[in-house]
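Student: Below is the structure I would like to discuss, written out as structure tokens.
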Amino acid sequence: MKNTTLDKLDINECAIILDLKCKGDLRRRLLDLGLVNGTNIKVIFKSPMGNPVAYEVRGTTIALRKEDSKLINIKY
Amino acid sequence: MIILLQLPGNPNVGKSTVFNSLTGLHQHTGNWPGKTVSNAMGITNFMDKDFLLVDIPGTYSIMSNSQEEEIARDYICFGNPDCTVVVVDSTCLERNLNLVYQILEITNKVVVCVNLLDEAKKKGIEIDLNKLSSELGVPVVGTIARKKKTLKNLMQNIYDVCSSNKNKKYFKIQYGDDIENSINILEKDVRDLLQNHEFNNYRWITLKLLEGNKKIISSIENYLDLKLLGNETIQNSLSKAKELLIKNDITSSSFKDKIVSTIMFHGETIALKVTSCKRLDYNYKNNKIDKILTSKLTGIPIMLLFFAMIFWITITGANYPSQMLSNSFNYIEAKLVYLFESFNSPNWLISMLIYGMYRTLGWVVAVMLPPMAIFFPLFTILEDLGYLPRIAFNLDGFFRKACTSGKQALTMCMGVTKLEFFIISLFVLHYLTDLPGFLQTTNIYYFISCKYYF
């Protein structure tokens, strides 16, 4: 088990979310999408530029930019 | 007497389709969150009673502060509906339950409409609706919005909820002892204060007071027409409750996090209990298509191909009707000139009215109408296929370099077809929620497309 941030994860790798380092609206938004402490997350594909990246969370696919995924602490 | 219903739900769950099938209105539906910009209203009749439906913007939650969520929240909390019909997507129940719980905390007159059952069946997902109903304590109806029969069942359940006079208990989510103790301190005083009031969801008001969101609190105060924070008893017990929270290591920001994650995990547990998935390969297949549509090697060429095709069809296809329109306008013009001359109208009048106004109008219509009539349906097809979010996903990296977001790729490619004047205004209404982003894109367009102006 290693602690890191979400942007370091590679395709098809799974991790568990620990916490969010952001505040305010962004934090609320990410929480609303289901990115809460203890949630499983998996990288499913990347866009042509490598940013944004699509993740599978709680049975749906969401896309996050690197600048946002950097703020999400995970362990895997 | 008319019965008031509202339809909240996550974005993209087929809410507008349910609304349209019930009311017979034709509201344009789309793939982007917040597509329902203003609240559409429509009337439907069931068992000789009129039901007024209010379509509420699609949101994932009603606890944040985006404009749509505030509209949705104000409607749900203070709209005084006879019944709130939460539309959820059966293919991702777990995420949708989040909103359901938030609404159940506010109101007890709820019917949950589990929509897109056909999609779920395709994916091999089965939902035990009875079990879900007993877990949530409210009626749950499965629907396929295109099939009227399922909607009849929905209306029957709504009718039953609206006509029952029983004062049902509010749904209670347990937030753990630390938070519950603080709630208990404050709830008593809120109950005393609101004793003679019709609004009796004391727990929800207590939660909002503890959360400390000033905007919601002042909305509540306005709605109830009394002062909560100005009341001394409430103020005292609120600070007592907050002290207790801090003693338990819960700050105001971790309080919100705890509330959100408790609701989320509650949804997770229930979703696991009531859904069973038989075809695990379906998502895999879908992901494969997505990978092809978004990969480095194939994503961009496929996208360009799609665009090229659409533009080719639009431009060549529009030539024929454009020519026809322009011919008929010319024909009418000649007749008009003849008519004016027969009245002995002065030359300046003819040149102003016919060669000026009429001819320009004819040109604009002949040039702009056909490509619009072709381009929009084509674009709608792409939208229905769900390809537009993939385009945005593919292009976001590039658009970031120009400090805008991938979403704007859509508006941009429309601008290229010389329709930008109309489309900008249409699209601004529908897609762009952020003003700065909008300003950036429009600035870019004006540079691209000024060559098209007269």
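FYI, nothing fancy with the structure tokens labels: chains A, B, ... in order, residues from 1 per chain, ligands from 1 as they appear.
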Show me, as a PDB file with N, CA and C atoms, in the first residue's frame, the residues that have an atom within 12 Å of Arg29 (chain A) when counting only C-alpha atoms, minus same-chain residues fewer than 6 positions from it.
Tutor:
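Below is the file around-v7.pdb, written as the result:
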ATOM      1  N   LEU A  20      -9.518  14.753   0.090  1.00  0.00           N
ATOM      2  CA  LEU A  20      -9.380  15.774  -0.941  1.00  0.00           C
ATOM      3  C   LEU A  20      -8.633  16.965  -0.350  1.00  0.00           C
ATOM      4  N   CYS A  22      -8.619  19.929  -1.647  1.00  0.00           N
ATOM      5  CA  CYS A  22      -9.154  21.202  -2.110  1.00  0.00           C
ATOM      6  C   CYS A  22     -10.287  21.664  -1.207  1.00  0.00           C
ATOM      7  N   LYS A  23     -10.652  22.933  -1.388  1.00  0.00           N
ATOM      8  CA  LYS A  23     -11.709  23.521  -0.559  1.00  0.00           C
ATOM      9  C   LYS A  23     -12.800  24.097  -1.453  1.00  0.00           C
ATOM     10  N   LEU A  35     -16.656  11.123  -4.835  1.00  0.00           N
ATOM     11  CA  LEU A  35     -15.248  10.947  -4.479  1.00  0.00           C
ATOM     12  C   LEU A  35     -15.040  11.201  -2.986  1.00  0.00           C
ATOM     13  N   VAL A  36     -15.616  10.337  -2.178  1.00  0.00           N
ATOM     14  CA  VAL A  36     -15.447  10.513  -0.734  1.00  0.00           C
ATOM     15  C   VAL A  36     -14.471   9.477  -0.200  1.00  0.00           C
ATOM     16  N   ILE A  62     -16.269   9.343 -14.956  1.00  0.00           N
ATOM     17  CA  ILE A  62     -16.120  10.793 -14.890  1.00  0.00           C
ATOM     18  C   ILE A  62     -14.731  11.169 -15.422  1.00  0.00           C
ATOM     19  N   LEU A  64     -11.511  13.840 -15.178  1.00  0.00           N
ATOM     20  CA  LEU A  64     -10.904  14.876 -14.342  1.00  0.00           C
ATOM     21  C   LEU A  64      -9.634  15.383 -15.006  1.00  0.00           C
ATOM     22  N   ASP A  68      -6.913  18.925 -11.155  1.00  0.00           N
ATOM     23  CA  ASP A  68      -7.872  18.551 -10.118  1.00  0.00           C
ATOM     24  C   ASP A  68      -7.521  17.209  -9.479  1.00  0.00           C
TER      25      ASP A  68
ATOM     26  N   THR B  59     -29.402  17.968 -11.289  1.00  0.00           N
ATOM     27  CA  THR B  59     -28.236  18.196 -10.430  1.00  0.00           C
ATOM     28  C   THR B  59     -27.862  16.892  -9.739  1.00  0.00           C
ATOM     29  N   TYR B  60     -26.601  16.776  -9.365  1.00  0.00           N
ATOM     30  CA  TYR B  60     -26.146  15.593  -8.643  1.00  0.00           C
ATOM     31  C   TYR B  60     -26.450  15.713  -7.158  1.00  0.00           C
ATOM     32  N   SER B  61     -26.610  16.928  -6.727  1.00  0.00           N
ATOM     33  CA  SER B  61     -26.771  17.172  -5.307  1.00  0.00           C
ATOM     34  C   SER B  61     -27.529  18.479  -5.141  1.00  0.00           C
ATOM     35  N   ILE B  62     -28.065  18.723  -3.959  1.00  0.00           N
ATOM     36  CA  ILE B  62     -28.661  20.039  -3.746  1.00  0.00           C
ATOM     37  C   ILE B  62     -28.009  20.706  -2.545  1.00  0.00           C
ATOM     38  N   MET B  63     -26.750  20.308  -2.280  1.00  0.00           N
ATOM     39  CA  MET B  63     -26.054  20.910  -1.150  1.00  0.00           C
ATOM     40  C   MET B  63     -25.000  21.918  -1.580  1.00  0.00           C
ATOM     41  N   SER B  64     -24.647  21.924  -2.856  1.00  0.00           N
ATOM     42  CA  SER B  64     -23.597  22.842  -3.301  1.00  0.00           C
ATOM     43  C   SER B  64     -24.169  24.198  -3.629  1.00  0.00           C
ATOM     44  N   ASN B  65     -23.323  25.018  -4.199  1.00  0.00           N
ATOM     45  CA  ASN B  65     -23.750  26.385  -4.404  1.00  0.00           C
ATOM     46  C   ASN B  65     -23.809  26.824  -5.851  1.00  0.00           C
ATOM     47  N   SER B  66     -23.824  25.846  -6.783  1.00  0.00           N
ATOM     48  CA  SER B  66     -23.936  26.299  -8.159  1.00  0.00           C
ATOM     49  C   SER B  66     -25.364  26.801  -8.363  1.00  0.00           C
ATOM     50  N   GLU B  69     -28.100  24.202  -8.742  1.00  0.00           N
ATOM     51  CA  GLU B  69     -28.435  23.484  -7.523  1.00  0.00           C
ATOM     52  C   GLU B  69     -29.238  24.355  -6.583  1.00  0.00           C
ATOM     53  N   ASP B 257     -18.311  17.352   5.191  1.00  0.00           N
ATOM     54  CA  ASP B 257     -17.756  16.142   4.583  1.00  0.00           C
ATOM     55  C   ASP B 257     -18.410  14.901   5.158  1.00  0.00           C
ATOM     56  N   VAL B 260     -21.934  14.493   3.811  1.00  0.00           N
ATOM     57  CA  VAL B 260     -21.931  14.044   2.417  1.00  0.00           C
ATOM     58  C   VAL B 260     -21.517  12.581   2.321  1.00  0.00           C
TER      59      VAL B 260
END
Student: Report as a ChimeraX atom specification all protein, DNA and RNA residues lying within 12 Å of Asp249 (chain B), evaluated on only C-alpha atoms, omitting residues in the same chain fewer than 5 positions from it.
Tutor: /B:178-179,242-244,254-255,258
Student: If we count only C-alpha atoms and set the cut-off at 9 Å, which residues sit around Ile72 (chain A), ignoring sequence neighbours fewer than 2 positions away in its own chain? Please answer as a ChimeraX atom specification.
Tutor: /A:4-7,17-22,35,68-70,74
Student: Pull C-alpha atoms from the residues just selected and write them as a compact mmCIF listing (two decimals), in the first residue's frame.
Tutor:
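The result, stored in selection.txt:
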# COMPACT_ATOMS: atom_id res chain seq x y z
CA THR A 4 0.05 9.14 -3.51
CA THR A 5 -2.22 11.43 -5.54
CA LEU A 6 -4.73 10.41 -8.18
CA ASP A 7 -2.86 11.88 -11.13
CA ILE A 17 -9.58 7.59 -2.10
CA LEU A 18 -8.22 8.95 1.17
CA ASP A 19 -9.10 12.62 1.15
CA LEU A 20 -9.38 15.77 -0.94
CA LYS A 21 -6.88 18.59 -0.61
CA CYS A 22 -9.15 21.20 -2.11
CA LEU A 35 -15.25 10.95 -4.48
CA ASP A 68 -7.87 18.55 -10.12
CA SER A 69 -6.77 14.93 -9.75
CA LYS A 70 -3.53 16.21 -8.21
CA ILE A 74 -5.24 7.97 -2.68
Student: Using DSSP on the backbone coordinates, identify all residues within chain A classified as strand (DSSP E); present the result as a ChimeraX atom specification.
Tutor: /A:3-5,14-20,40-46,53-57,60-64,72-75
Student: Fewer than 4 positions away in the same chain doesn't count, so skip those; otherwise give me all residues within 12 Å of Thr61 (chain A), counting only C-alpha atoms, as a count of residues only.
Tutor: 24
Student: Contacts of Ile16 (chain A) at 8 Å or less, counting only C-alpha atoms, minus same-chain residues fewer than 4 places along, as an NGL selection string?
Tutor: :A and (37-41 or 74-76)
Student: Within 7 Å of chain B, which residues of chain A show up? Give each one with its shortest atom-to-atom distance in Å (one decimal) and the two atoms involved, counting only C-alpha atoms, rows by chain then rising residue number, as a tab-separated table.
Tutor:
residue	atom	partner	partner_atom	distance
A:Arg28	CA	B:Ser64	CA	6.0
A:Leu31	CA	B:Val260	CA	7.0
A:Asp32	CA	B:Ser61	CA	6.0
A:Gly34	CA	B:Met264	CA	6.7
A:Val36	CA	B:Ser261	CA	5.8
A:Phe45	CA	B:Lys291	CA	6.2
A:Lys46	CA	B:Ser295	CA	6.9
A:Ser47	CA	B:Asn394	CA	5.2
A:Pro48	CA	B:Lys296	CA	4.0
A:Met49	CA	B:Gly397	CA	5.6
A:Asn51	CA	B:Gly397	CA	5.7
A:Pro52	CA	B:Gly397	CA	6.7
A:Arg58	CA	B:Arg95	CA	6.5
A:Gly59	CA	B:Cys92	CA	5.9
A:Thr60	CA	B:Cys92	CA	6.5
Student: Only N, CA and C atoms, please: the residues just picked out, written as a compact mmCIF listing (two decimals), in the first residue's frame.
Tutor:
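What landed in part00.txt:
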# COMPACT_ATOMS: atom_id res chain seq x y z
N ARG A 28 -16.89 20.42 -2.96
CA ARG A 28 -18.29 20.00 -2.95
C ARG A 28 -18.61 19.21 -4.21
N LEU A 31 -17.07 15.76 -4.09
CA LEU A 31 -17.81 14.93 -3.14
C LEU A 31 -19.15 14.50 -3.73
N ASP A 32 -19.80 15.44 -4.41
CA ASP A 32 -21.09 15.12 -5.02
C ASP A 32 -20.98 14.03 -6.06
N GLY A 34 -19.17 11.61 -5.81
CA GLY A 34 -18.95 10.35 -5.11
C GLY A 34 -17.51 10.12 -4.70
N VAL A 36 -15.62 10.34 -2.18
CA VAL A 36 -15.45 10.51 -0.73
C VAL A 36 -14.47 9.48 -0.20
N PHE A 45 -9.50 5.30 -19.17
CA PHE A 45 -8.76 5.70 -20.36
C PHE A 45 -8.33 7.16 -20.27
N LYS A 46 -7.36 7.49 -21.13
CA LYS A 46 -6.85 8.86 -21.14
C LYS A 46 -7.20 9.52 -22.45
N SER A 47 -7.30 10.85 -22.45
CA SER A 47 -7.59 11.56 -23.69
C SER A 47 -6.29 11.66 -24.51
N PRO A 48 -6.41 12.03 -25.78
CA PRO A 48 -5.23 12.08 -26.65
C PRO A 48 -4.06 12.89 -26.06
N MET A 49 -4.36 13.95 -25.33
CA MET A 49 -3.28 14.76 -24.76
C MET A 49 -2.81 14.19 -23.41
N ASN A 51 -4.48 14.32 -20.79
CA ASN A 51 -5.17 15.15 -19.80
C ASN A 51 -6.38 15.77 -20.49
N PRO A 52 -7.56 15.61 -20.04
CA PRO A 52 -8.04 14.91 -18.84
C PRO A 52 -7.98 13.38 -18.94
N ARG A 58 -17.97 4.63 -8.57
CA ARG A 58 -19.35 4.31 -8.22
C ARG A 58 -20.20 3.98 -9.44
N GLY A 59 -19.65 3.15 -10.31
CA GLY A 59 -20.43 2.66 -11.43
C GLY A 59 -20.61 3.62 -12.59
N THR A 60 -20.00 4.80 -12.51
CA THR A 60 -20.10 5.71 -13.65
C THR A 60 -18.72 6.20 -14.04
